[in-house]
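Structure file work_7.cif (mmCIF, C-alpha atoms and all ligand atoms) is printed below.
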```cif
data_upload
#
loop_
_atom_site.label_atom_id
_atom_site.label_comp_id
_atom_site.auth_asym_id
_atom_site.auth_seq_id
_atom_site.Cartn_x
_atom_site.Cartn_y
_atom_site.Cartn_z
CA MET A 1 23.28 -7.03 14.43
CA LEU A 2 23.76 -7.90 18.06
CA HIS A 3 21.05 -5.49 19.01
CA LYS A 4 18.60 -7.16 21.36
CA ILE A 5 14.98 -6.00 21.22
CA ILE A 6 14.04 -5.08 24.77
CA ASN A 7 10.73 -3.31 24.31
CA LEU A 8 7.83 -2.84 21.88
CA THR A 9 5.40 0.05 22.11
CA VAL A 10 2.38 0.51 19.91
CA ARG A 11 0.19 3.59 19.65
CA ASP A 12 -3.13 4.46 18.07
CA VAL A 13 -2.53 7.49 15.83
CA ARG A 14 -5.39 9.01 13.86
CA PHE A 15 -5.75 11.98 11.54
CA PRO A 16 -9.21 13.52 11.03
CA THR A 17 -8.97 13.44 7.22
CA SER A 18 -12.69 12.71 6.83
CA VAL A 19 -13.56 16.27 7.84
CA GLU A 20 -12.44 17.51 4.44
CA GLN A 21 -13.32 14.30 2.61
CA HIS A 22 -9.69 13.46 1.83
CA GLY A 23 -9.46 9.78 0.99
CA SER A 24 -13.21 9.35 0.41
CA ASP A 25 -14.45 6.74 -2.04
CA ALA A 26 -17.61 4.84 -2.96
CA MET A 27 -17.31 2.52 0.07
CA HIS A 28 -15.28 4.52 2.58
CA THR A 29 -17.15 7.78 2.83
CA ASP A 30 -15.52 9.08 6.02
CA PRO A 31 -11.98 7.70 6.35
CA ASP A 32 -9.76 9.05 9.12
CA TYR A 33 -6.31 7.98 7.98
CA SER A 34 -4.78 6.15 10.92
CA ALA A 35 -1.96 3.90 11.98
CA ALA A 36 -1.03 1.40 14.62
CA TYR A 37 2.45 2.80 15.15
CA VAL A 38 5.15 0.51 16.51
CA VAL A 39 8.50 1.37 18.04
CA LEU A 40 11.08 -1.30 18.88
CA ASP A 41 13.76 -0.43 21.43
CA THR A 42 17.06 -2.28 21.56
CA ASP A 43 19.62 -2.62 24.32
CA ARG A 44 22.14 -0.62 22.25
CA GLY A 45 19.84 2.32 21.72
CA LEU A 46 19.05 1.67 18.03
CA ARG A 47 15.29 1.85 17.37
CA GLY A 48 13.03 0.44 14.69
CA PHE A 49 9.81 2.13 13.54
CA GLY A 50 6.90 0.45 11.79
CA LEU A 51 3.22 0.92 11.16
CA THR A 52 0.13 -0.48 9.57
CA PHE A 53 -2.57 1.63 7.99
CA THR A 54 -6.27 1.75 9.02
CA LEU A 55 -9.24 4.11 8.66
CA GLY A 56 -10.01 5.28 12.21
CA LYS A 57 -12.43 3.13 14.18
CA GLY A 58 -10.86 -0.24 14.83
CA THR A 59 -7.29 1.01 15.09
CA GLU A 60 -7.52 0.06 18.77
CA ILE A 61 -8.21 -3.55 17.72
CA VAL A 62 -5.05 -3.61 15.60
CA VAL A 63 -3.15 -2.12 18.55
CA CYS A 64 -4.42 -5.03 20.70
CA ALA A 65 -3.31 -7.54 18.08
CA VAL A 66 0.17 -6.00 17.96
CA GLU A 67 0.34 -6.27 21.75
CA ALA A 68 -0.59 -9.94 21.47
CA LEU A 69 2.36 -10.49 19.11
CA ALA A 70 4.84 -8.50 21.19
CA ALA A 71 6.00 -11.47 23.26
CA LEU A 72 7.24 -13.16 20.07
CA VAL A 73 9.56 -10.24 19.33
CA VAL A 74 10.73 -8.83 22.64
CA GLY A 75 13.80 -10.64 23.96
CA LYS A 76 15.06 -11.64 20.49
CA SER A 77 18.19 -10.21 18.95
CA LEU A 78 18.12 -8.76 15.44
CA GLN A 79 20.73 -11.37 14.49
CA GLU A 80 18.48 -14.18 15.70
CA ILE A 81 15.56 -12.83 13.67
CA VAL A 82 17.28 -12.08 10.38
CA SER A 83 19.46 -15.19 10.31
CA ASP A 84 16.19 -17.10 9.87
CA PHE A 85 13.78 -14.37 8.84
CA ARG A 86 11.56 -16.87 7.04
CA GLY A 87 11.26 -18.80 10.28
CA PHE A 88 10.48 -15.62 12.20
CA TYR A 89 7.78 -14.69 9.67
CA ARG A 90 6.27 -18.11 10.21
CA LEU A 91 6.49 -17.77 13.96
CA LEU A 92 4.42 -14.57 13.82
CA THR A 93 1.89 -15.92 11.33
CA SER A 94 1.60 -19.50 12.58
CA ASP A 95 1.33 -19.18 16.36
CA GLY A 96 -0.77 -22.18 17.33
CA GLN A 97 -3.43 -20.09 19.06
CA MET A 98 -3.25 -16.70 17.36
CA ARG A 99 -3.47 -18.12 13.83
CA TRP A 100 -7.12 -18.94 14.45
CA LEU A 101 -7.77 -15.19 14.13
CA GLY A 102 -6.41 -15.20 10.57
CA PRO A 103 -4.60 -17.10 9.34
CA GLU A 104 -2.59 -14.51 7.43
CA LYS A 105 -5.52 -12.17 6.94
CA GLY A 106 -7.50 -9.49 8.75
CA VAL A 107 -6.48 -7.75 11.94
CA THR A 108 -3.73 -10.20 12.91
CA HIS A 109 -2.09 -9.85 9.52
CA LEU A 110 -2.23 -6.04 9.71
CA ALA A 111 -0.57 -6.37 13.12
CA THR A 112 2.05 -8.72 11.67
CA ALA A 113 2.78 -6.09 9.01
CA ALA A 114 3.24 -3.36 11.63
CA VAL A 115 5.66 -5.47 13.68
CA LEU A 116 7.64 -6.75 10.69
CA ASN A 117 7.82 -3.29 9.13
CA ALA A 118 9.51 -2.15 12.35
CA VAL A 119 11.91 -5.11 12.27
CA TRP A 120 12.84 -4.30 8.65
CA ASP A 121 13.38 -0.70 9.62
CA LEU A 122 15.65 -1.78 12.45
CA TRP A 123 17.59 -4.12 10.18
CA ALA A 124 17.94 -1.53 7.43
CA ARG A 125 19.18 1.03 9.94
CA SER A 126 21.77 -1.42 11.20
CA GLU A 127 23.22 -2.40 7.78
CA GLY A 128 22.77 -2.99 4.01
CA LYS A 129 21.54 -6.13 2.27
CA ASP A 130 21.87 -8.10 -0.98
CA PRO A 131 19.01 -9.72 -2.97
CA GLU A 132 19.78 -13.30 -1.96
CA GLN A 133 19.67 -12.39 1.68
CA ILE A 134 16.37 -10.66 1.02
CA VAL A 135 14.86 -13.65 -0.79
CA SER A 136 15.72 -15.85 2.17
CA CYS A 137 13.08 -13.91 4.13
CA ILE A 138 10.18 -15.17 2.03
CA ASP A 139 7.95 -18.01 3.18
CA PHE A 140 7.41 -19.99 -0.06
CA ARG A 141 4.95 -22.38 1.62
CA TYR A 142 1.73 -22.70 -0.46
CA ILE A 143 3.20 -21.01 -3.56
CA THR A 144 6.04 -23.33 -4.67
CA ASP A 145 3.79 -24.75 -7.38
CA VAL A 146 4.20 -21.47 -9.23
CA LEU A 147 7.47 -20.07 -7.86
CA THR A 148 10.56 -21.59 -6.35
CA GLU A 149 13.36 -19.94 -4.45
CA LYS A 150 15.86 -20.65 -7.24
CA GLU A 151 13.91 -18.62 -9.76
CA ALA A 152 13.62 -15.68 -7.46
CA VAL A 153 16.93 -13.82 -7.68
CA GLY A 154 16.85 -11.54 -10.69
CA GLU A 155 19.16 -9.06 -12.41
CA THR A 156 20.26 -5.77 -11.01
CA GLU A 157 19.93 -2.40 -12.73
CA ASP A 158 20.45 1.10 -11.55
CA GLN A 159 19.16 4.34 -13.00
CA MET A 160 16.70 5.35 -10.34
CA GLN A 161 19.01 7.88 -8.70
CA LYS A 162 18.78 10.11 -11.75
CA GLU A 163 15.19 9.81 -12.85
CA GLY A 164 13.25 8.28 -10.00
CA TYR A 165 10.27 5.95 -10.26
CA PRO A 166 7.16 7.11 -12.19
CA ALA A 167 4.15 8.00 -10.06
CA TYR A 168 0.47 8.79 -10.52
CA THR A 169 -1.72 10.97 -8.34
CA THR A 170 -5.02 10.16 -6.64
CA SER A 171 -5.16 13.47 -4.80
CA CYS A 172 -7.29 15.38 -7.31
CA ALA A 173 -10.45 13.33 -7.38
CA TRP A 174 -11.62 11.81 -4.09
CA LEU A 175 -15.31 11.03 -4.29
CA GLY A 176 -16.38 13.64 -1.76
CA TYR A 177 -14.68 16.55 -3.56
CA PRO A 178 -16.98 18.97 -5.40
CA ASP A 179 -16.30 19.61 -9.11
CA GLN A 180 -14.76 23.01 -8.44
CA GLN A 181 -12.15 21.53 -6.11
CA LEU A 182 -11.48 18.72 -8.54
CA LYS A 183 -10.83 21.26 -11.31
CA GLN A 184 -8.52 23.35 -9.17
CA LEU A 185 -6.50 20.36 -7.96
CA CYS A 186 -6.23 19.00 -11.47
CA THR A 187 -5.00 22.35 -12.80
CA ASP A 188 -2.38 22.51 -10.05
CA ALA A 189 -1.29 18.91 -10.65
CA LEU A 190 -0.88 19.46 -14.39
CA LYS A 191 1.27 22.50 -13.63
CA SER A 192 3.48 20.38 -11.35
CA GLY A 193 4.10 17.87 -14.11
CA TRP A 194 1.63 15.09 -13.28
CA THR A 195 0.54 13.03 -16.29
CA LYS A 196 -1.37 10.14 -14.68
CA PHE A 197 -4.54 10.62 -12.66
CA LYS A 198 -6.90 8.35 -10.71
CA VAL A 199 -10.56 9.19 -10.20
CA LYS A 200 -12.95 7.65 -7.67
CA VAL A 201 -16.15 6.25 -9.16
CA GLY A 202 -18.91 3.82 -8.29
CA ALA A 203 -21.59 5.60 -6.28
CA ASP A 204 -23.63 7.28 -9.03
CA LEU A 205 -23.21 6.68 -12.75
CA GLU A 206 -24.29 10.16 -13.88
CA ASP A 207 -21.83 11.73 -11.43
CA ASP A 208 -19.09 9.44 -12.68
CA ILE A 209 -19.76 10.37 -16.31
CA ARG A 210 -19.66 14.06 -15.46
CA ARG A 211 -16.48 13.81 -13.36
CA CYS A 212 -14.60 11.58 -15.80
CA ARG A 213 -15.57 13.88 -18.70
CA LEU A 214 -14.32 16.87 -16.75
CA ILE A 215 -10.98 15.25 -15.90
CA ARG A 216 -10.45 13.83 -19.39
CA GLN A 217 -11.11 17.27 -20.89
CA MET A 218 -8.62 18.83 -18.52
CA ILE A 219 -5.82 16.29 -18.91
CA GLY A 220 -6.27 15.81 -22.67
CA PRO A 221 -6.22 12.58 -24.69
CA ASN A 222 -2.57 11.66 -24.09
CA ASN A 223 -2.38 11.68 -20.31
CA THR A 224 -3.43 8.59 -18.39
CA LEU A 225 -6.69 8.16 -16.50
CA MET A 226 -7.51 5.34 -14.04
CA ILE A 227 -10.79 4.74 -12.22
CA ASP A 228 -11.32 3.15 -8.80
CA ALA A 229 -14.66 1.78 -7.51
CA ASN A 230 -13.42 0.41 -4.16
CA GLN A 231 -15.47 -2.83 -4.38
CA ARG A 232 -18.81 -1.15 -4.93
CA TRP A 233 -20.36 -3.39 -7.63
CA ASP A 234 -21.55 -6.89 -8.37
CA VAL A 235 -19.82 -8.55 -11.31
CA ALA A 236 -22.38 -7.83 -14.06
CA GLU A 237 -22.95 -4.33 -12.72
CA ALA A 238 -19.20 -3.66 -12.87
CA ILE A 239 -19.05 -4.70 -16.51
CA SER A 240 -21.98 -2.54 -17.61
CA TRP A 241 -20.96 0.47 -15.48
CA VAL A 242 -17.36 0.48 -16.71
CA SER A 243 -18.53 -0.02 -20.30
CA ARG A 244 -20.48 3.23 -19.91
CA LEU A 245 -17.26 4.95 -18.78
CA SER A 246 -15.12 3.45 -21.53
CA GLU A 247 -15.43 6.56 -23.74
CA PHE A 248 -13.09 8.29 -21.25
CA LYS A 249 -10.42 5.68 -22.00
CA PRO A 250 -9.46 4.56 -18.50
CA LEU A 251 -6.33 2.39 -18.34
CA TRP A 252 -7.79 0.34 -15.51
CA ILE A 253 -10.78 -0.18 -13.30
CA GLU A 254 -9.59 -0.76 -9.75
CA GLU A 255 -11.39 -2.98 -7.22
CA PRO A 256 -14.58 -3.35 -9.27
CA THR A 257 -16.09 -5.93 -6.90
CA SER A 258 -15.40 -7.92 -3.72
CA PRO A 259 -11.63 -8.18 -3.24
CA ASP A 260 -12.05 -11.91 -2.53
CA ASP A 261 -13.88 -12.73 -5.76
CA ILE A 262 -11.07 -14.03 -7.95
CA LEU A 263 -13.33 -15.59 -10.59
CA GLY A 264 -15.48 -12.46 -10.61
CA HIS A 265 -12.40 -10.38 -11.38
CA ALA A 266 -11.48 -12.86 -14.12
CA ALA A 267 -14.92 -12.44 -15.70
CA ILE A 268 -14.65 -8.66 -15.52
CA SER A 269 -11.13 -8.75 -17.01
CA LYS A 270 -12.35 -10.86 -19.90
CA ALA A 271 -15.36 -8.66 -20.59
CA LEU A 272 -13.39 -5.40 -20.47
CA ALA A 273 -10.33 -6.54 -22.44
CA PRO A 274 -11.92 -5.72 -25.84
CA LEU A 275 -12.49 -2.16 -24.55
CA GLY A 276 -8.79 -1.85 -23.70
CA ILE A 277 -9.51 -1.56 -19.97
CA GLY A 278 -7.55 -3.66 -17.48
CA VAL A 279 -8.48 -4.69 -13.93
CA ALA A 280 -6.30 -3.58 -11.01
CA THR A 281 -6.60 -4.84 -7.47
CA GLY A 282 -4.61 -5.61 -4.33
CA GLU A 283 -5.02 -2.99 -1.61
CA GLN A 284 -7.35 -5.40 0.19
CA CYS A 285 -5.89 -8.63 -1.18
CA HIS A 286 -4.95 -10.19 2.09
CA ASN A 287 -2.07 -12.53 1.33
CA ARG A 288 0.26 -14.12 -1.24
CA VAL A 289 -2.04 -17.10 -1.75
CA MET A 290 -4.80 -14.80 -2.98
CA PHE A 291 -2.38 -13.05 -5.31
CA LYS A 292 -1.20 -16.42 -6.59
CA GLN A 293 -4.73 -17.32 -7.59
CA PHE A 294 -5.50 -13.89 -9.08
CA LEU A 295 -2.43 -14.39 -11.28
CA GLN A 296 -3.24 -18.00 -12.13
CA ALA A 297 -6.79 -17.05 -13.11
CA SER A 298 -5.70 -14.03 -15.24
CA ALA A 299 -8.04 -12.07 -13.00
CA LEU A 300 -5.97 -8.89 -12.85
CA GLN A 301 -3.78 -6.95 -15.25
CA PHE A 302 -2.15 -4.70 -12.63
CA VAL A 303 -0.91 -6.00 -9.26
CA GLN A 304 -1.40 -3.50 -6.45
CA ILE A 305 0.76 -4.65 -3.56
CA ASP A 306 0.27 -2.92 -0.23
CA SER A 307 3.06 -2.44 2.31
CA CYS A 308 0.73 -2.84 5.28
CA ARG A 309 -1.95 -5.29 4.09
CA LEU A 310 0.53 -8.08 3.32
CA GLY A 311 3.04 -9.41 5.85
CA SER A 312 5.60 -6.64 5.33
CA VAL A 313 8.57 -6.84 2.96
CA ASN A 314 8.74 -10.63 3.35
CA GLU A 315 5.36 -11.34 1.78
CA ASN A 316 5.44 -8.41 -0.65
CA LEU A 317 8.61 -9.82 -2.17
CA ALA A 318 6.87 -13.12 -2.82
CA VAL A 319 4.15 -11.25 -4.71
CA LEU A 320 6.63 -9.12 -6.68
CA LEU A 321 8.39 -12.29 -7.81
CA MET A 322 5.18 -14.08 -8.74
CA ALA A 323 3.97 -11.03 -10.69
CA HIS A 324 7.27 -11.05 -12.55
CA LYS A 325 6.87 -14.70 -13.39
CA PHE A 326 3.36 -14.09 -14.75
CA GLN A 327 4.57 -10.93 -16.53
CA VAL A 328 1.96 -8.76 -14.86
CA PRO A 329 3.11 -5.23 -13.94
CA VAL A 330 3.14 -4.14 -10.30
CA CYS A 331 1.64 -0.71 -9.57
CA PRO A 332 1.55 -0.48 -5.76
CA HIS A 333 -1.22 0.96 -3.66
CA ALA A 334 -0.04 3.91 -1.59
CA GLY A 335 -1.38 7.03 0.07
CA GLY A 336 -3.09 6.67 3.42
CA VAL A 337 -0.64 7.57 6.13
CA GLY A 338 2.89 6.30 5.58
CA LEU A 339 2.09 4.00 2.65
CA CYS A 340 4.04 6.11 0.15
CA GLU A 341 7.00 6.23 2.54
CA LEU A 342 7.02 2.43 2.83
CA VAL A 343 6.12 1.30 -0.65
CA GLN A 344 8.76 3.38 -2.43
CA HIS A 345 11.31 0.87 -1.11
CA LEU A 346 9.38 -2.09 -2.51
CA ILE A 347 8.92 -0.60 -5.94
CA LEU A 348 12.61 0.28 -6.21
CA PHE A 349 13.44 -3.29 -5.27
CA ASP A 350 11.02 -4.49 -7.95
CA TYR A 351 12.72 -2.40 -10.59
CA ILE A 352 16.32 -2.91 -9.55
CA CYS A 353 16.22 -6.59 -8.58
CA VAL A 354 13.16 -8.15 -10.21
CA SER A 355 11.40 -6.64 -13.22
CA ALA A 356 14.05 -4.26 -14.61
CA SER A 357 11.17 -2.69 -16.53
CA LEU A 358 9.05 0.43 -16.24
CA ASP A 359 6.59 -0.76 -18.87
CA SER A 360 2.99 -0.13 -17.71
CA ARG A 361 4.39 0.48 -14.23
CA MET A 362 3.80 3.37 -11.86
CA CYS A 363 3.38 3.85 -8.16
CA GLU A 364 0.45 5.62 -6.52
CA TYR A 365 1.04 8.94 -4.78
CA VAL A 366 -1.28 10.83 -2.49
CA ASP A 367 -0.40 14.24 -1.21
CA HIS A 368 -1.36 13.98 2.47
CA LEU A 369 0.31 13.70 5.86
CA HIS A 370 3.92 13.43 4.69
CA LYS A 371 4.95 16.29 6.96
CA HIS A 372 4.47 14.02 9.97
CA PHE A 373 7.41 11.81 8.97
CA THR A 374 11.07 12.35 9.77
CA SER A 375 12.09 11.32 6.19
CA PRO A 376 9.11 12.11 3.98
CA VAL A 377 8.99 10.89 0.37
CA VAL A 378 10.59 13.14 -2.21
CA ILE A 379 8.60 13.61 -5.42
CA GLN A 380 10.27 15.31 -8.35
CA ASP A 381 8.46 15.87 -11.61
CA ALA A 382 5.89 13.18 -10.78
CA HIS A 383 8.57 10.62 -9.86
CA TYR A 384 9.52 9.06 -6.52
CA MET A 385 13.18 9.85 -5.84
CA PRO A 386 15.07 7.10 -3.99
CA PRO A 387 15.10 7.62 -0.22
CA LYS A 388 18.48 8.59 1.18
CA ASP A 389 18.14 8.02 4.92
CA PRO A 390 18.75 4.53 6.28
CA GLY A 391 15.65 2.60 7.32
CA TYR A 392 12.13 1.95 6.06
CA SER A 393 11.10 5.64 6.20
CA CYS A 394 8.08 5.39 8.50
CA GLU A 395 9.41 7.05 11.63
CA MET A 396 6.96 9.77 12.62
CA LEU A 397 7.76 13.01 14.38
CA GLU A 398 7.15 12.44 18.08
CA ALA A 399 5.24 15.73 18.32
CA SER A 400 2.88 14.57 15.55
CA VAL A 401 2.31 11.23 17.25
CA GLN A 402 1.48 12.88 20.55
CA LYS A 403 -0.84 15.38 18.97
CA HIS A 404 -2.76 12.75 16.99
CA GLN A 405 -2.78 9.91 19.48
CA TYR A 406 -6.34 8.69 19.94
CA PRO A 407 -8.22 9.70 22.03
CA GLU A 408 -5.90 11.71 24.27
CA GLY A 409 -3.99 13.81 21.67
CA ASP A 410 -4.78 17.51 21.38
CA VAL A 411 -6.25 17.12 17.89
CA TRP A 412 -8.84 14.65 19.17
CA LYS A 413 -9.61 16.50 22.38
CA LEU A 414 -10.45 19.50 20.24
CA HIS A 415 -12.42 17.43 17.76
CA MET A 416 -14.54 15.76 20.41
CA ASN A 417 -15.40 19.05 22.07
CA LYS A 418 -16.85 20.43 18.83
C1 LIG A 501 -10.08 4.84 1.88
C2 LIG A 501 -8.87 5.07 1.03
O1 LIG A 501 -8.66 6.44 0.87
C3 LIG A 501 -9.00 4.42 -0.35
O2 LIG A 501 -10.00 5.09 -1.06
C4 LIG A 501 -7.70 4.49 -1.11
O3 LIG A 501 -6.74 3.75 -0.47
C5 LIG A 501 -7.85 4.11 -2.56
O4 LIG A 501 -8.52 2.93 -2.78
C6 LIG A 501 -6.60 4.19 -3.39
O5 LIG A 501 -6.50 3.42 -4.32
O6 LIG A 501 -5.79 5.06 -3.11
MG MG A 502 -7.89 1.95 -4.53
#
```

Whole structure given in structure tokens:
Amino acid sequence: MLHKIINLTVRDVRFPTSVEQHGSDAMHTDPDYSAAYVVLDTDRGLRGFGLTFTLGKGTEIVVCAVEALAALVVGKSLQEIVSDFRGFYRLLTSDGQMRWLGPEKGVTHLATAAVLNAVWDLWARSEGKDPEQIVSCIDFRYITDVLTEKEAVGETEDQMQKEGYPAYTTSCAWLGYPDQQLKQLCTDALKSGWTKFKVKVGADLEDDIRRCRLIRQMIGPNNTLMIDANQRWDVAEAISWVSRLSEFKPLWIEEPTSPDDILGHAAISKALAPLGIGVATGEQCHNRVMFKQFLQASALQFVQIDSCRLGSVNENLAVLLMAHKFQVPVCPHAGGVGLCELVQHLILFDYICVSASLDSRMCEYVDHLHKHFTSPVVIQDAHYMPPKDPGYSCEMLEASVQKHQYPEGDVWKLHMNK
């Protein structure tokens, strides 16, 4: 705990995933999964690793924002930070000049997530924690009308070690994959025990009908299907489009429209409820205040927290607790690079300390880039197994970082010469 942070480095790490259309959807047709990757050095040699996720271009802007926050972290001891973690969260998010760039949204908030993820990693590597200590990290400002600190500490359960946390896969059906690839990946996934599948939709209705029919035929009537439009539609368009896909019995439509349109999501939720289709959103829901209103407006039926969009563990906990209060299941967004590694910790916390329920709950899994991490996620029989190594699991192999650093890494030198 006496570790003093003496240095912060941040690097722009990008993977050329767009070449093979991994991660493609109706709005992001050429994503290169990327990260602003942060390392904190301490005077005693312990290090903390954190990141935030981006899609390629613009990672350099997040790197700049992290650099602008560095002065608030370097020079502090871990003890100083965690003894008033709520205050430290506020320091990062409320700097009198920097907050103009947010507040608590956009590039500065992504940068906040990267820095705080590294602090949490450092703390977790240095020792264990109890729920009350964890709750003391949340900034309840702006949400006390629906949730107070007293309500926040829930019951503890433990069964995850044996069975793990249920997961679903998005890896079979990115929008840019041809039908043949989709079929092959789906066959493989079924063989490996997957029972819940997400399909990208939203660009072309006839394509969507064909792809959803194909997947539904392959997975059968009892497995679960979800669809994800990545914000492609207007409100009325979303309702009519999803109604056309209702014969394939999707559990949810994800991000049907602008991620900021709370009342729009409420209208879509209401219209689709009779069809048995819920609305899921959150991967671009930029802070706890937005989530509060989504919950208050009954605008979503599945809360998709994101380990890098919100202000790290601190803000994600606030959302987990609010979701619990509104009795809405949390099904986190993951994938990208490092999101599965990070979010597995949050979902275990949700189960063990908050919801104690697996009802309608599952965590996203995407099968890319795990080999670049020193403690990659372990999936067994379509379940996340609890991580064993201390920390927040997003330390990357140094060789991978060097190779993928943009623009000087070997992977990019090669790419640019093509
Ligand atoms: C660009 C990305 O791959 C997104 O398509 C992805 O995060 C997606 O929305 C998801 O739900 O996994
Ligand atoms: Mg999505």

- line: Counting all atoms listed in the file, the residue among A:Arg361, A:Lys325, A:His22, A:Arg99 that lies closest to ligand LIG 501 (chain A) is A:His22

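The spacing separating atom CA of Arg125 of chain A from atom CA of His372 of chain A amounts to 19.6 Å.
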
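Computed from the coordinates, the atom CA of Val303 of chain A to atom CA of Trp100 of chain A distance equals 27.7 Å.
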
Surrounding residues as a short mmCIF file (atom, residue, chain, number, x, y, z; two decimals) with C-alpha atoms, in the frame of the given file, ligand LIG 501 (chain A), max 7 Å, only C-alpha atoms and all ligand atoms:
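The file below, selection.cif, is the result:
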```
data_model
loop_
_atom_site.label_atom_id
_atom_site.label_comp_id
_atom_site.auth_asym_id
_atom_site.auth_seq_id
_atom_site.Cartn_x
_atom_site.Cartn_y
_atom_site.Cartn_z
CA GLY A 23 -9.46 9.78 0.99
CA SER A 24 -13.21 9.35 0.41
CA ASP A 25 -14.45 6.74 -2.04
CA HIS A 28 -15.28 4.52 2.58
CA PRO A 31 -11.98 7.70 6.35
CA LEU A 55 -9.24 4.11 8.66
CA THR A 170 -5.02 10.16 -6.64
CA ASP A 228 -11.32 3.15 -8.80
CA ASN A 230 -13.42 0.41 -4.16
CA GLU A 283 -5.02 -2.99 -1.61
CA HIS A 333 -1.22 0.96 -3.66
CA ALA A 334 -0.04 3.91 -1.59
CA GLY A 335 -1.38 7.03 0.07
CA GLY A 336 -3.09 6.67 3.42
#
```

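Computed from the coordinates, the atom CA of Ser258 of chain A to atom CA of Glu104 of chain A distance equals 18.2 Å.
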
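Comparing A:Ala118, A:Ile253, A:Cys331, A:Ala273 by their smallest distance to Glu364 of chain A, the closest is A:Cys331 (using only C-alpha atoms).
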
message: So that I can check the surroundings of Met322 of chain A, please list as a VMD selection string every protein, DNA and RNA residue that reaches within 12 Å of it, counting only C-alpha atoms and ignoring chain neighbours fewer than 4 positions away.
response: chain A and resid 138 140 143 to 149 151 to 153 288 to 296 303 305 315 to 318 326 to 330 350 354 to 355

- prompt: When distances are computed from only C-alpha atoms, which of A:Ala356, A:Val107, A:Ile5, A:Pro16 shows the smallest separation from Leu414 of chain A?
  reply: A:Pro16

- line: Judged by all atoms listed in the file, the minimum distance to Gly202 of chain A among A:Thr54, A:Thr281, A:Gln217, A:Gln231 is found for A:Gln231

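Each of A:Lys200, A:Lys249, A:Arg309, A:His404 was compared to ligand MG 502 (chain A) using all atoms listed in the file, and A:Lys200 turns out to be the nearest.
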
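Among the candidates A:Cys137, A:Met385, A:Ile239, A:Met27, the one nearest to ligand MG 502 (chain A) when counting all atoms listed in the file is A:Met27.
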
- prompt: Neighbours of Thr108 of chain A within 10 Å (all atoms listed in the file; same-chain residues fewer than 6 positions away dropped), as a PyMOL selection string?
  reply: chain A and resi 61-66+68-69+92-93+98-102+114+311

Let's have the selection written as a JSON list (two decimals), keeping the file's coordinate frame, with C-alpha atoms.
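So the final result, stored in again11.json, reads:
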```
[["chain", "number", "residue", "atom", "x", "y", "z"],
["A", 61, "ILE", "CA", -8.21, -3.55, 17.72],
["A", 62, "VAL", "CA", -5.05, -3.61, 15.60],
["A", 63, "VAL", "CA", -3.15, -2.12, 18.55],
["A", 64, "CYS", "CA", -4.42, -5.03, 20.70],
["A", 65, "ALA", "CA", -3.31, -7.54, 18.08],
["A", 66, "VAL", "CA", 0.17, -6.00, 17.96],
["A", 68, "ALA", "CA", -0.59, -9.94, 21.47],
["A", 69, "LEU", "CA", 2.36, -10.49, 19.11],
["A", 92, "LEU", "CA", 4.42, -14.57, 13.82],
["A", 93, "THR", "CA", 1.89, -15.92, 11.33],
["A", 98, "MET", "CA", -3.25, -16.70, 17.36],
["A", 99, "ARG", "CA", -3.47, -18.12, 13.83],
["A", 100, "TRP", "CA", -7.12, -18.94, 14.45],
["A", 101, "LEU", "CA", -7.77, -15.19, 14.13],
["A", 102, "GLY", "CA", -6.41, -15.20, 10.57],
["A", 114, "ALA", "CA", 3.24, -3.36, 11.63],
["A", 311, "GLY", "CA", 3.04, -9.41, 5.85]]
```

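By chain and then residue number, the residues within 9 Å of Leu46 of chain A are His3, Leu40, Asp41, Leu122, Arg125 and Ser126 of chain A, counting only C-alpha atoms and disregarding those fewer than 5 positions away in sequence.
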
Shell of 10 Å around Ala271 of chain A, all atoms listed in the file, local chain residues under 4 positions omitted, as a ChimeraX atom specification: /A:236,238-240,243,265-267,275-278

Only C-alpha atoms, please: the residues just picked out, written as a JSON list (two decimals), in the frame of the given file.
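Wrote it out as selection.json, contents follow:
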```
[["chain", "number", "residue", "atom", "x", "y", "z"],
["A", 236, "ALA", "CA", -22.38, -7.83, -14.06],
["A", 238, "ALA", "CA", -19.20, -3.66, -12.87],
["A", 239, "ILE", "CA", -19.05, -4.70, -16.51],
["A", 240, "SER", "CA", -21.98, -2.54, -17.61],
["A", 243, "SER", "CA", -18.53, -0.02, -20.30],
["A", 265, "HIS", "CA", -12.40, -10.38, -11.38],
["A", 266, "ALA", "CA", -11.48, -12.86, -14.12],
["A", 267, "ALA", "CA", -14.92, -12.44, -15.70],
["A", 275, "LEU", "CA", -12.49, -2.16, -24.55],
["A", 276, "GLY", "CA", -8.79, -1.85, -23.70],
["A", 277, "ILE", "CA", -9.51, -1.56, -19.97],
["A", 278, "GLY", "CA", -7.55, -3.66, -17.48]]
```

If you take every atom of segment 310-319 of chain A that the file lists and fit an axis-aligned box around them with 8 Å extra on each side, what centre and edge lengths come out in Å to one decimal, as AutoDock Vina command-line options?
```
--center_x 4.6 --center_y -9.9 --center_z 0.6 --size_x 24.2 --size_y 22.5 --size_z 26.6
```

Non-local contacts of Pro387 of chain A (10 Å; all atoms listed in the file; under 5 positions in same chain excluded) as a ChimeraX atom specification: /A:161,164,341,344-345,348,375-378,392-393

How would the residues just picked look written out with C-alpha atoms as a compact mmCIF listing (two decimals), in the coordinates of the input?
```
# COMPACT_ATOMS: atom_id res chain seq x y z
CA GLN A 161 19.01 7.88 -8.70
CA GLY A 164 13.25 8.28 -10.00
CA GLU A 341 7.00 6.23 2.54
CA GLN A 344 8.76 3.38 -2.43
CA HIS A 345 11.31 0.87 -1.11
CA LEU A 348 12.61 0.28 -6.21
CA SER A 375 12.09 11.32 6.19
CA PRO A 376 9.11 12.11 3.98
CA VAL A 377 8.99 10.89 0.37
CA VAL A 378 10.59 13.14 -2.21
CA TYR A 392 12.13 1.95 6.06
CA SER A 393 11.10 5.64 6.20
```
